[in-house]
$ cat structure-v4.tsv   # TSV, C-alpha atoms
chain	number	residue	atom	x	y	z
A	684	MET	CA	-8.29	2.73	-14.36
A	685	GLY	CA	-8.73	-0.35	-12.22
A	686	LEU	CA	-11.86	-1.66	-13.92
A	687	ASN	CA	-10.37	-3.81	-16.64
A	688	LYS	CA	-7.08	-4.90	-15.20
A	689	PRO	CA	-4.61	-7.10	-17.06
A	690	LEU	CA	-2.96	-8.46	-13.92
A	691	LEU	CA	-3.61	-12.15	-13.47
A	692	ASN	CA	-1.64	-14.63	-11.41
A	693	ALA	CA	-4.45	-16.87	-10.23
A	694	ASN	CA	-4.17	-20.53	-9.32
A	695	SER	CA	-5.98	-23.00	-11.55
A	696	ASP	CA	-9.03	-23.38	-9.29
A	697	THR	CA	-9.56	-19.62	-8.83
A	698	GLN	CA	-10.32	-16.71	-11.15
A	699	PRO	CA	-10.58	-12.95	-10.58
A	700	GLY	CA	-14.00	-11.51	-9.89
A	701	ILE	CA	-15.78	-9.41	-12.47
A	702	ASN	CA	-13.79	-6.24	-11.68
A	703	ASN	CA	-10.79	-7.87	-9.95
A	704	LEU	CA	-11.46	-5.59	-6.97
A	705	ILE	CA	-12.34	-6.05	-3.31
A	706	THR	CA	-15.86	-4.89	-4.19
A	707	ASP	CA	-16.44	-8.15	-6.06
A	708	VAL	CA	-17.44	-9.34	-2.58
A	709	ALA	CA	-21.16	-8.52	-2.62
A	710	GLY	CA	-22.22	-5.53	-0.53
A	711	ILE	CA	-18.81	-3.85	-0.31
A	712	THR	CA	-18.22	-0.38	-1.74
A	713	VAL	CA	-15.11	1.83	-1.75
A	714	GLY	CA	-14.97	5.62	-1.86
A	715	HIS	CA	-12.18	8.16	-2.27
A	716	LYS	CA	-11.63	11.82	-1.57
A	717	THR	CA	-8.44	12.96	-3.29
A	718	ILE	CA	-6.73	16.16	-2.13
A	719	SER	CA	-4.14	17.26	-4.68
A	720	ASN	CA	-2.94	20.85	-4.98
A	721	ASP	CA	0.23	22.92	-4.59
A	722	LYS	CA	0.37	22.19	-0.86
A	723	PHE	CA	-1.31	18.84	-0.23
A	724	LYS	CA	-1.17	15.45	-1.89
A	725	THR	CA	-3.20	13.30	0.46
A	726	GLY	CA	-6.76	12.12	0.99
A	727	VAL	CA	-9.21	9.59	2.38
A	728	THR	CA	-10.35	6.15	1.27
A	729	VAL	CA	-13.28	4.37	2.92
A	730	ILE	CA	-14.40	0.75	2.77
A	731	GLU	CA	-18.09	0.15	3.43
A	732	PRO	CA	-18.40	-3.56	4.36
A	733	CYS	CA	-22.17	-3.68	3.75
A	734	GLN	CA	-25.14	-1.60	2.71
A	735	ASP	CA	-27.12	-2.16	5.92
A	736	ASN	CA	-26.28	-1.21	9.52
A	737	ILE	CA	-22.96	-2.82	10.46
A	738	PHE	CA	-23.15	-1.55	14.06
A	739	ARG	CA	-26.33	-3.54	14.66
A	740	GLU	CA	-25.23	-6.51	12.57
A	741	LYS	CA	-21.48	-6.83	13.03
A	742	MET	CA	-19.08	-8.96	10.99
A	743	PRO	CA	-16.48	-11.53	12.09
A	744	ALA	CA	-13.01	-10.03	11.79
A	745	ALA	CA	-9.39	-10.34	12.84
A	746	VAL	CA	-6.25	-8.23	12.87
A	747	HIS	CA	-2.68	-9.31	12.33
A	748	VAL	CA	0.12	-6.88	13.14
A	749	ILE	CA	3.11	-7.84	11.03
A	750	ASN	CA	5.12	-4.90	12.35
A	751	GLY	CA	3.47	-2.49	14.75
A	752	PHE	CA	4.94	0.86	13.71
A	753	GLY	CA	1.46	2.35	13.24
A	754	LYS	CA	-1.22	4.60	14.69
A	755	SER	CA	-4.46	2.84	13.75
A	756	THR	CA	-7.57	2.90	15.95
A	757	GLY	CA	-10.04	0.15	16.79
A	758	LEU	CA	-7.64	-2.79	16.56
A	759	VAL	CA	-7.59	-3.67	20.27
A	760	GLN	CA	-11.32	-4.35	20.39
A	761	ILE	CA	-11.21	-6.34	17.15
A	762	GLU	CA	-8.47	-8.46	18.68
A	763	GLU	CA	-10.57	-9.07	21.79
A	764	LEU	CA	-14.09	-9.53	20.38
A	765	GLY	CA	-13.40	-10.70	16.84
A	766	THR	CA	-15.85	-8.35	15.08
A	767	ILE	CA	-16.00	-5.05	13.24
A	768	GLU	CA	-18.90	-2.65	13.77
A	769	THR	CA	-17.99	0.35	11.59
A	770	PRO	CA	-16.74	1.01	8.08
A	771	ILE	CA	-12.97	1.32	7.64
A	772	VAL	CA	-11.32	4.68	6.97
A	773	LEU	CA	-7.81	4.98	5.51
A	774	THR	CA	-5.84	8.24	5.58
A	775	ASN	CA	-2.44	9.68	6.46
A	776	THR	CA	-0.87	9.29	9.88
A	777	LEU	CA	-1.58	12.76	11.29
A	778	SER	CA	-5.19	12.76	10.08
A	779	VAL	CA	-6.27	9.72	12.12
A	780	GLY	CA	-7.90	11.91	14.78
A	781	THR	CA	-9.89	13.89	12.22
A	782	ALA	CA	-11.04	10.71	10.50
A	783	TYR	CA	-11.96	9.15	13.85
A	784	THR	CA	-14.18	12.09	14.78
A	785	ALA	CA	-15.87	12.09	11.38
A	786	LEU	CA	-16.54	8.36	11.58
A	787	VAL	CA	-17.90	8.66	15.14
A	788	LYS	CA	-20.32	11.38	14.02
A	789	ARG	CA	-21.48	9.21	11.13
A	790	MET	CA	-22.11	6.24	13.40
A	791	LEU	CA	-23.93	8.40	15.99
A	792	ALA	CA	-26.23	9.75	13.28
A	793	GLN	CA	-27.06	6.23	12.10
A	794	ASN	CA	-27.43	4.75	15.59
A	795	PRO	CA	-29.13	7.06	18.12
A	796	GLU	CA	-28.82	4.38	20.81
A	797	ILE	CA	-24.99	4.64	20.95
A	798	GLY	CA	-23.90	6.10	24.28
A	799	LEU	CA	-27.43	6.07	25.67
A	800	SER	CA	-29.26	2.75	25.73
A	801	THR	CA	-26.19	0.78	24.58
A	802	GLY	CA	-22.41	1.14	24.75
A	803	SER	CA	-20.04	3.23	22.65
A	804	VAL	CA	-18.69	2.41	19.19
A	805	ASN	CA	-15.33	1.14	17.95
A	806	PRO	CA	-14.27	3.25	14.92
A	807	ILE	CA	-11.68	1.71	12.60
A	808	VAL	CA	-9.16	4.14	11.14
A	809	MET	CA	-5.90	2.95	9.56
A	810	GLU	CA	-3.00	5.00	8.25
A	811	CYS	CA	0.30	5.32	6.45
A	812	ASN	CA	2.76	8.23	6.54
A	813	ASP	CA	2.69	10.19	3.26
A	814	SER	CA	5.15	12.90	4.35
A	815	THR	CA	7.64	12.20	1.53
A	816	ILE	CA	5.10	13.62	-0.93
A	817	ASN	CA	2.52	15.43	1.22
A	818	HIS	CA	2.97	18.39	3.58
A	819	ILE	CA	1.63	16.22	6.39
A	820	ARG	CA	2.28	18.73	9.21
A	821	ASP	CA	-0.28	21.14	7.77
A	822	LEU	CA	-3.14	18.67	8.37
A	823	GLY	CA	-4.82	18.80	4.99
A	824	VAL	CA	-7.65	16.34	5.70
A	825	THR	CA	-10.95	17.63	7.12
A	826	GLU	CA	-14.06	15.88	8.45
A	827	THR	CA	-15.84	17.02	5.28
A	828	ASP	CA	-13.29	15.08	3.22
A	829	VAL	CA	-14.17	11.92	5.12
A	830	THR	CA	-17.88	12.53	4.52
A	831	GLU	CA	-17.25	13.09	0.81
A	832	ALA	CA	-15.30	9.84	0.57
A	833	PHE	CA	-18.36	8.03	1.95
A	834	ASP	CA	-20.57	9.90	-0.52
A	835	ASN	CA	-18.32	8.67	-3.34
A	836	ALA	CA	-18.41	4.99	-2.29
A	837	LYS	CA	-19.25	2.62	-5.14
A	838	ILE	CA	-18.47	-0.79	-6.59
A	839	LYS	CA	-16.18	0.38	-9.40
A	840	PHE	CA	-13.45	2.57	-7.99
A	841	THR	CA	-10.14	4.00	-9.17
A	842	GLU	CA	-6.76	2.69	-8.04
A	843	GLY	CA	-3.31	4.23	-7.80
A	844	ALA	CA	-2.60	7.77	-6.57
A	845	VAL	CA	-6.12	8.46	-5.34
A	846	GLY	CA	-7.83	8.94	-1.98
A	847	SER	CA	-5.59	7.99	0.91
A	848	GLY	CA	-3.07	6.69	-1.62
A	849	THR	CA	-2.47	10.12	-3.20
A	850	GLY	CA	0.75	10.76	-1.31
A	851	MET	CA	2.00	7.21	-0.83
A	852	SER	CA	5.18	5.69	-2.30
A	853	CYS	CA	6.06	2.04	-2.83
A	854	TYR	CA	9.54	0.66	-3.55
A	855	ASP	CA	10.66	4.26	-4.13
A	856	LEU	CA	8.09	4.53	-6.91
A	857	LYS	CA	4.61	6.05	-6.79
A	858	GLY	CA	2.34	3.75	-4.82
A	859	GLY	CA	-1.16	4.13	-3.43
A	860	ILE	CA	-4.38	2.13	-3.54
A	861	GLY	CA	-4.46	-1.30	-5.18
A	862	SER	CA	-6.98	-4.10	-5.18
A	863	ALA	CA	-7.58	-7.62	-6.49
A	864	SER	CA	-10.02	-10.49	-6.04
A	865	ARG	CA	-10.42	-14.22	-6.58
A	866	GLN	CA	-13.48	-16.42	-6.85
A	867	VAL	CA	-13.68	-20.09	-5.91
A	868	LYS	CA	-16.29	-22.84	-5.90
A	869	ILE	CA	-17.22	-24.35	-2.54
A	870	ASP	CA	-19.80	-27.13	-2.65
A	871	ASP	CA	-20.97	-25.88	-6.07
A	872	LYS	CA	-21.43	-22.29	-4.83
A	873	THR	CA	-19.25	-19.36	-5.89
A	874	PHE	CA	-17.48	-17.39	-3.15
A	875	THR	CA	-15.19	-14.36	-3.40
A	876	MET	CA	-12.14	-13.06	-1.56
A	877	GLY	CA	-10.76	-9.58	-2.21
A	878	ALA	CA	-7.94	-7.39	-0.97
A	879	LEU	CA	-7.31	-3.66	-0.90
A	880	VAL	CA	-3.91	-2.24	0.01
A	881	MET	CA	-2.55	1.19	0.76
A	882	SER	CA	1.06	0.67	-0.31
A	883	ASN	CA	3.77	2.88	1.17
A	884	PHE	CA	6.75	0.61	1.82
A	885	GLY	CA	9.85	-1.06	0.44
A	886	PHE	CA	13.38	-0.42	-0.83
A	887	GLY	CA	13.42	0.19	-4.57
A	888	GLU	CA	16.28	-2.24	-5.13
A	889	ASP	CA	14.21	-5.06	-3.58
A	890	LEU	CA	11.19	-4.82	-5.93
A	891	ASN	CA	10.37	-8.20	-7.41
A	892	ILE	CA	7.55	-8.66	-9.91
A	893	TYR	CA	6.56	-12.21	-10.82
A	894	GLY	CA	10.12	-13.41	-10.19
A	895	HIS	CA	11.84	-10.49	-11.96
A	896	ALA	CA	14.22	-8.63	-9.63
A	897	ILE	CA	13.54	-5.46	-11.61
A	898	GLY	CA	14.15	-3.14	-8.67
A	899	GLN	CA	17.89	-3.58	-9.06
A	900	LYS	CA	17.63	-2.03	-12.52
A	901	ILE	CA	15.23	0.83	-11.92
A	902	THR	CA	16.21	2.23	-8.53
A	903	GLN	CA	18.59	5.15	-8.16
A	904	LEU	CA	18.03	5.62	-4.45
A	905	LYS	CA	19.95	3.77	-1.74
A	906	LYS	CA	18.25	4.04	1.65
A	907	GLU	CA	19.59	2.97	5.01
A	908	LYS	CA	16.27	2.44	6.79
A	909	GLU	CA	12.85	1.09	5.90
A	910	LYS	CA	10.35	3.70	7.09
A	911	GLY	CA	7.32	2.80	5.01
A	912	SER	CA	4.06	1.06	5.77
A	913	ILE	CA	1.33	-1.02	4.19
A	914	VAL	CA	-2.26	-1.42	5.29
A	915	THR	CA	-4.04	-4.48	3.90
A	916	ILE	CA	-7.78	-5.08	4.05
A	917	ILE	CA	-9.01	-8.59	3.17
A	918	ALA	CA	-12.73	-9.19	2.67
A	919	THR	CA	-14.64	-12.34	1.80
A	920	ASP	CA	-18.10	-13.85	1.78
A	921	ILE	CA	-16.63	-17.22	2.74
A	922	PRO	CA	-17.98	-18.11	6.20
A	923	PHE	CA	-14.78	-17.97	8.23
A	924	ASN	CA	-14.88	-17.41	11.97
A	925	SER	CA	-12.62	-14.81	13.59
A	926	ARG	CA	-9.95	-17.39	14.45
A	927	GLN	CA	-9.76	-18.48	10.81
A	928	LEU	CA	-9.70	-14.86	9.65
A	929	LYS	CA	-6.67	-14.35	11.89
A	930	ARG	CA	-4.96	-17.18	10.05
A	931	ILE	CA	-5.95	-15.64	6.71
A	932	ALA	CA	-4.62	-12.23	7.80
A	933	LYS	CA	-1.27	-13.74	8.75
A	934	ARG	CA	-0.79	-15.04	5.20
A	935	SER	CA	-0.93	-11.49	3.86
A	936	SER	CA	2.70	-11.16	4.91
A	937	VAL	CA	3.64	-13.79	2.32
A	938	GLY	CA	1.94	-11.78	-0.42
A	939	ILE	CA	3.76	-8.65	0.72
A	940	THR	CA	7.19	-10.25	0.88
A	941	ARG	CA	6.63	-11.89	-2.51
A	942	THR	CA	7.07	-8.38	-3.96
A	943	GLY	CA	10.45	-8.05	-2.23
A	944	SER	CA	9.75	-6.55	1.20
A	945	PHE	CA	11.60	-7.69	4.30
A	946	THR	CA	9.37	-5.84	6.83
A	947	GLY	CA	11.78	-3.31	8.26
A	948	ASN	CA	11.93	-1.96	11.79
A	949	GLY	CA	10.15	1.28	10.89
A	950	SER	CA	7.54	-0.26	8.63
A	951	GLY	CA	3.96	-0.26	9.91
A	952	GLU	CA	2.42	-3.38	8.37
A	953	ILE	CA	-1.09	-4.23	9.56
A	954	THR	CA	-3.77	-6.46	8.05
A	955	LEU	CA	-7.47	-6.52	8.84
A	956	ALA	CA	-9.60	-9.38	7.53
A	957	PHE	CA	-13.38	-9.69	7.73
A	958	SER	CA	-16.16	-11.90	6.44
A	959	THR	CA	-19.57	-10.69	5.31
A	960	ALA	CA	-21.01	-14.06	6.35
A	961	ASN	CA	-21.92	-15.02	9.94
A	962	ARG	CA	-23.29	-11.62	10.96
A	963	VAL	CA	-23.29	-10.96	14.70
A	964	SER	CA	-26.31	-9.13	16.12
A	965	HIS	CA	-25.72	-6.24	18.53
A	966	PHE	CA	-29.07	-7.13	20.11
A	967	PRO	CA	-29.13	-10.95	20.03
A	968	LYS	CA	-32.38	-12.75	20.80
A	969	ASP	CA	-30.74	-16.08	21.59
A	970	GLU	CA	-27.84	-16.96	23.85
A	971	LEU	CA	-26.44	-19.62	21.52
A	972	SER	CA	-24.98	-18.63	18.15
A	973	ASN	CA	-24.99	-20.61	14.92
A	974	ILE	CA	-21.70	-19.93	13.17
A	975	GLN	CA	-20.65	-21.68	9.96
A	976	ALA	CA	-16.97	-22.20	9.23
A	977	ILE	CA	-14.70	-23.85	6.68
A	978	THR	CA	-13.15	-27.12	7.76
A	979	ASP	CA	-9.61	-26.28	8.85
A	980	ASP	CA	-7.94	-29.10	6.95
A	981	LYS	CA	-9.41	-27.61	3.73
A	982	ILE	CA	-8.11	-24.11	4.36
A	983	ASP	CA	-4.84	-24.23	2.40
A	984	ARG	CA	-6.36	-23.05	-0.86
A	985	TYR	CA	-7.72	-19.97	0.88
A	986	PHE	CA	-4.23	-19.22	2.17
A	987	ARG	CA	-3.02	-19.40	-1.45
A	988	MET	CA	-5.82	-17.08	-2.54
A	989	THR	CA	-4.77	-14.61	0.15
A	990	VAL	CA	-1.19	-14.56	-1.03
A	991	ASP	CA	-2.29	-14.10	-4.66
A	992	ILE	CA	-4.66	-11.19	-4.04
A	993	VAL	CA	-2.32	-9.31	-1.70
A	994	ASN	CA	0.61	-9.70	-4.10
A	995	GLU	CA	-1.53	-8.58	-7.03
A	996	ALA	CA	-3.12	-5.69	-5.14
A	997	ILE	CA	0.34	-4.27	-4.39
A	998	LEU	CA	1.36	-4.58	-8.04
A	999	SER	CA	-1.94	-3.00	-9.05
A	1000	SER	CA	-1.21	0.00	-6.84
A	1001	LEU	CA	2.05	0.43	-8.74
A	1002	VAL	CA	0.58	-0.19	-12.19
A	1003	HIS	CA	-2.21	2.36	-11.75
A	1004	ALA	CA	-0.22	5.14	-10.06
A	1005	GLU	CA	1.17	8.04	-12.08
A	1006	THR	CA	4.43	9.97	-11.67
A	1007	THR	CA	4.02	12.60	-8.94
A	1008	LEU	CA	6.22	15.41	-7.62
A	1009	ASP	CA	7.32	14.86	-4.05
A	1010	ARG	CA	7.34	17.48	-1.29
A	1011	GLU	CA	10.63	18.92	-2.60
A	1012	GLY	CA	9.44	19.10	-6.19
A	1013	LYS	CA	11.31	16.02	-7.38
A	1014	PRO	CA	9.50	13.45	-9.53
A	1015	MET	CA	8.57	10.16	-7.94
A	1016	LEU	CA	8.28	7.91	-10.95
A	1017	SER	CA	5.43	5.57	-11.67
A	1018	LEU	CA	6.33	1.96	-12.38
A	1019	LYS	CA	5.44	2.53	-16.04
A	1020	ASP	CA	7.76	5.52	-16.40
A	1021	ALA	CA	10.54	3.71	-14.52
A	1022	LEU	CA	10.31	0.75	-16.89
A	1023	ASN	CA	10.18	3.09	-19.89
A	1024	LYS	CA	13.51	4.61	-18.80
A	1025	LEU	CA	15.09	1.17	-19.28
A	1026	GLY	CA	14.40	1.43	-23.01
A	1027	ASN	CA	14.79	-1.86	-24.85
A	1028	ASP	CA	15.85	-3.86	-21.83
A	1029	GLN	CA	14.25	-7.24	-22.49
A	1030	GLU	CA	13.20	-7.89	-18.92
A	1031	ALA	CA	11.53	-4.48	-18.73
A	1032	LEU	CA	9.75	-5.06	-22.04
A	1033	GLN	CA	8.52	-8.46	-20.83
A	1034	LEU	CA	7.17	-6.97	-17.61
A	1035	LYS	CA	5.41	-4.19	-19.45
A	1036	THR	CA	3.67	-6.83	-21.55
A	1037	GLU	CA	2.74	-8.96	-18.52
A	1038	LEU	CA	1.42	-5.94	-16.63
A	1039	GLY	CA	-0.40	-4.40	-19.60
A	1040	LEU	CA	1.66	-1.19	-19.46
$ encode --input "structure-v4.tsv" --output "structure tokens"
Amino acid sequence: MGLNKPLLNANSDTQPGINNLITDVAGITVGHKTISNDKFKTGVTVIEPCQDNIFREKMPAAVHVINGFGKSTGLVQIEELGTIETPIVLTNTLSVGTAYTALVKRMLAQNPEIGLSTGSVNPIVMECNDSTINHIRDLGVTETDVTEAFDNAKIKFTEGAVGSGTGMSCYDLKGGIGSASRQVKIDDKTFTMGALVMSNFGFGEDLNIYGHAIGQKITQLKKEKEKGSIVTIIATDIPFNSRQLKRIAKRSSVGITRTGSFTGNGSGEITLAFSTANRVSHFPKDELSNIQAITDDKIDRYFRMTVDIVNEAILSSLVHAETTLDREGKPMLSLKDALNKLGNDQEALQLKTELGL
């Protein structure tokens, strides 16, 4: 799953990367550790931004908090300094501390100067609450699970109910991990932008797929409050500075709401964007920096790319997820199974064709 995806809603001057995944941005790998048994349906997903030492050669980055009902770590320093210096770990809400410790230990092992001849480190851990499906109070994630997710990191990775997405739900259907990418020519050179989401948000009745308000047909659940979340990671090799990455991150909200979300009071919606260009040395030799950046009055097409990949990544999380029993033993349907229940409904049949289901 996730390697040969049918989803495609690209603008005319962009096309998906080879795998239509965030890892189409050179150097990035993604790893999962899935925990699925009678008690736990949870896990860990990690994003490695590069294959060298990111602490010593940081990357420009920015965070945009759409709605701050979340327990992530590392965002304050990103907001202040405009860089990331560790990989990114995704997990469930109550496993943030465990993931933080595991990531700190990994960074200490790779960088013996941390805490001695230089400062500390800023670990990035982001979360969503999977307690509808997972027995979250029993703390099913261990430090070993985080390590194994890193060991599993690769370019071609699975989407849907895997890793940190194992226990997530989206629009009252089974959600999880989704990804998409776009490539564009800039001055005759090819550049890539990719997104990865952990989708755990939305009212079922609001689901909208490519203009089809299908949620009104497939939902049987009427909720009073929006309590979900979505974490979005945007990566690119386009040489944006941190200010421009902030602007890119803000546009993720358009991609999210395109699927029907209204960003409820209890929804933790946070986006982190980074560029693999313009590396920032931890031990700079020169006082002046030489940072490339896109001309701001040419940035609109990158905003459109952002909206496209975030929208498609969310849909991909739904397309690739499978029906799962929730914490009470009730089935949480996949998008495919929900559409199948509509039988010969023409709109459902059209969507199944468009989505390759």
$ atom_distance --input "structure-v4.tsv" --atom1 "atom CA of A:Thr781" --atom2 "atom CA of A:Asn805"
15.0 Å
$ closest_residue --input "structure-v4.tsv" --among "A:Gln734, A:Ser972, A:Thr774, A:Ser800" --to "A:Ile913" --atoms "all atoms listed in the file"
A:Thr774
$ closest_atom_pairs --input "structure-v4.tsv" --of "stretch 875-986 of chain A" --to "stretch 815-825 of chain A" --cutoff "12 Å" --atoms "all atoms listed in the file" --output "Markdown table"
| residue | atom | partner | partner_atom | distance |
| --- | --- | --- | --- | --- |
| A:Asn883 | CA | A:Thr815 | CA | 10.1 |
| A:Phe884 | CA | A:Thr815 | CA | 11.6 |
| A:Lys910 | CA | A:Thr815 | CA | 10.5 |
| A:Gly911 | CA | A:Thr815 | CA | 10.0 |
$ residues_around --input "structure-v4.tsv" --residues "A:Gly714" --least-positions-apart "6" --cutoff "8 Å" --atoms "all atoms listed in the file" --output "list of chain:residue names"
A:Thr728, A:Val729, A:Ile730, A:Ala832, A:Phe833, A:Asp834, A:Asn835, A:Ala836, A:Lys837, A:Phe840, A:Gly846
$ write_last_selection --input "structure-v4.tsv" --atoms "C-alpha atoms" --output "CSV table (one decimal), keeping the file's coordinate frame"
chain,number,residue,atom,x,y,z
A,728,THR,CA,-10.4,6.2,1.3
A,729,VAL,CA,-13.3,4.4,2.9
A,730,ILE,CA,-14.4,0.8,2.8
A,832,ALA,CA,-15.3,9.8,0.6
A,833,PHE,CA,-18.4,8.0,2.0
A,834,ASP,CA,-20.6,9.9,-0.5
A,835,ASN,CA,-18.3,8.7,-3.3
A,836,ALA,CA,-18.4,5.0,-2.3
A,837,LYS,CA,-19.2,2.6,-5.1
A,840,PHE,CA,-13.4,2.6,-8.0
A,846,GLY,CA,-7.8,8.9,-2.0
$ residues_around --input "structure-v4.tsv" --residues "A:Asp1020" --least-positions-apart "2" --cutoff "10 Å" --atoms "only C-alpha atoms" --output "CSV table (one decimal) with C-alpha atoms, in the coordinates of the input"
chain,number,residue,atom,x,y,z
A,856,LEU,CA,8.1,4.5,-6.9
A,901,ILE,CA,15.2,0.8,-11.9
A,1005,GLU,CA,1.2,8.0,-12.1
A,1006,THR,CA,4.4,10.0,-11.7
A,1015,MET,CA,8.6,10.2,-7.9
A,1016,LEU,CA,8.3,7.9,-11.0
A,1017,SER,CA,5.4,5.6,-11.7
A,1018,LEU,CA,6.3,2.0,-12.4
A,1022,LEU,CA,10.3,0.8,-16.9
A,1023,ASN,CA,10.2,3.1,-19.9
A,1024,LYS,CA,13.5,4.6,-18.8
A,1025,LEU,CA,15.1,1.2,-19.3
A,1040,LEU,CA,1.7,-1.2,-19.5
$ atom_distance --input "structure-v4.tsv" --atom1 "atom CA of A:Arg1010" --atom2 "atom CA of A:Gly947"
23.3 Å
$ atom_distance --input "structure-v4.tsv" --atom1 "atom CA of A:Gln698" --atom2 "atom CA of A:Asp871"
14.9 Å
$ closest_residue --input "structure-v4.tsv" --among "A:Gln927, A:Thr919, A:Asn1027, A:Asn736" --to "A:Asp980" --atoms "only C-alpha atoms"
A:Gln927
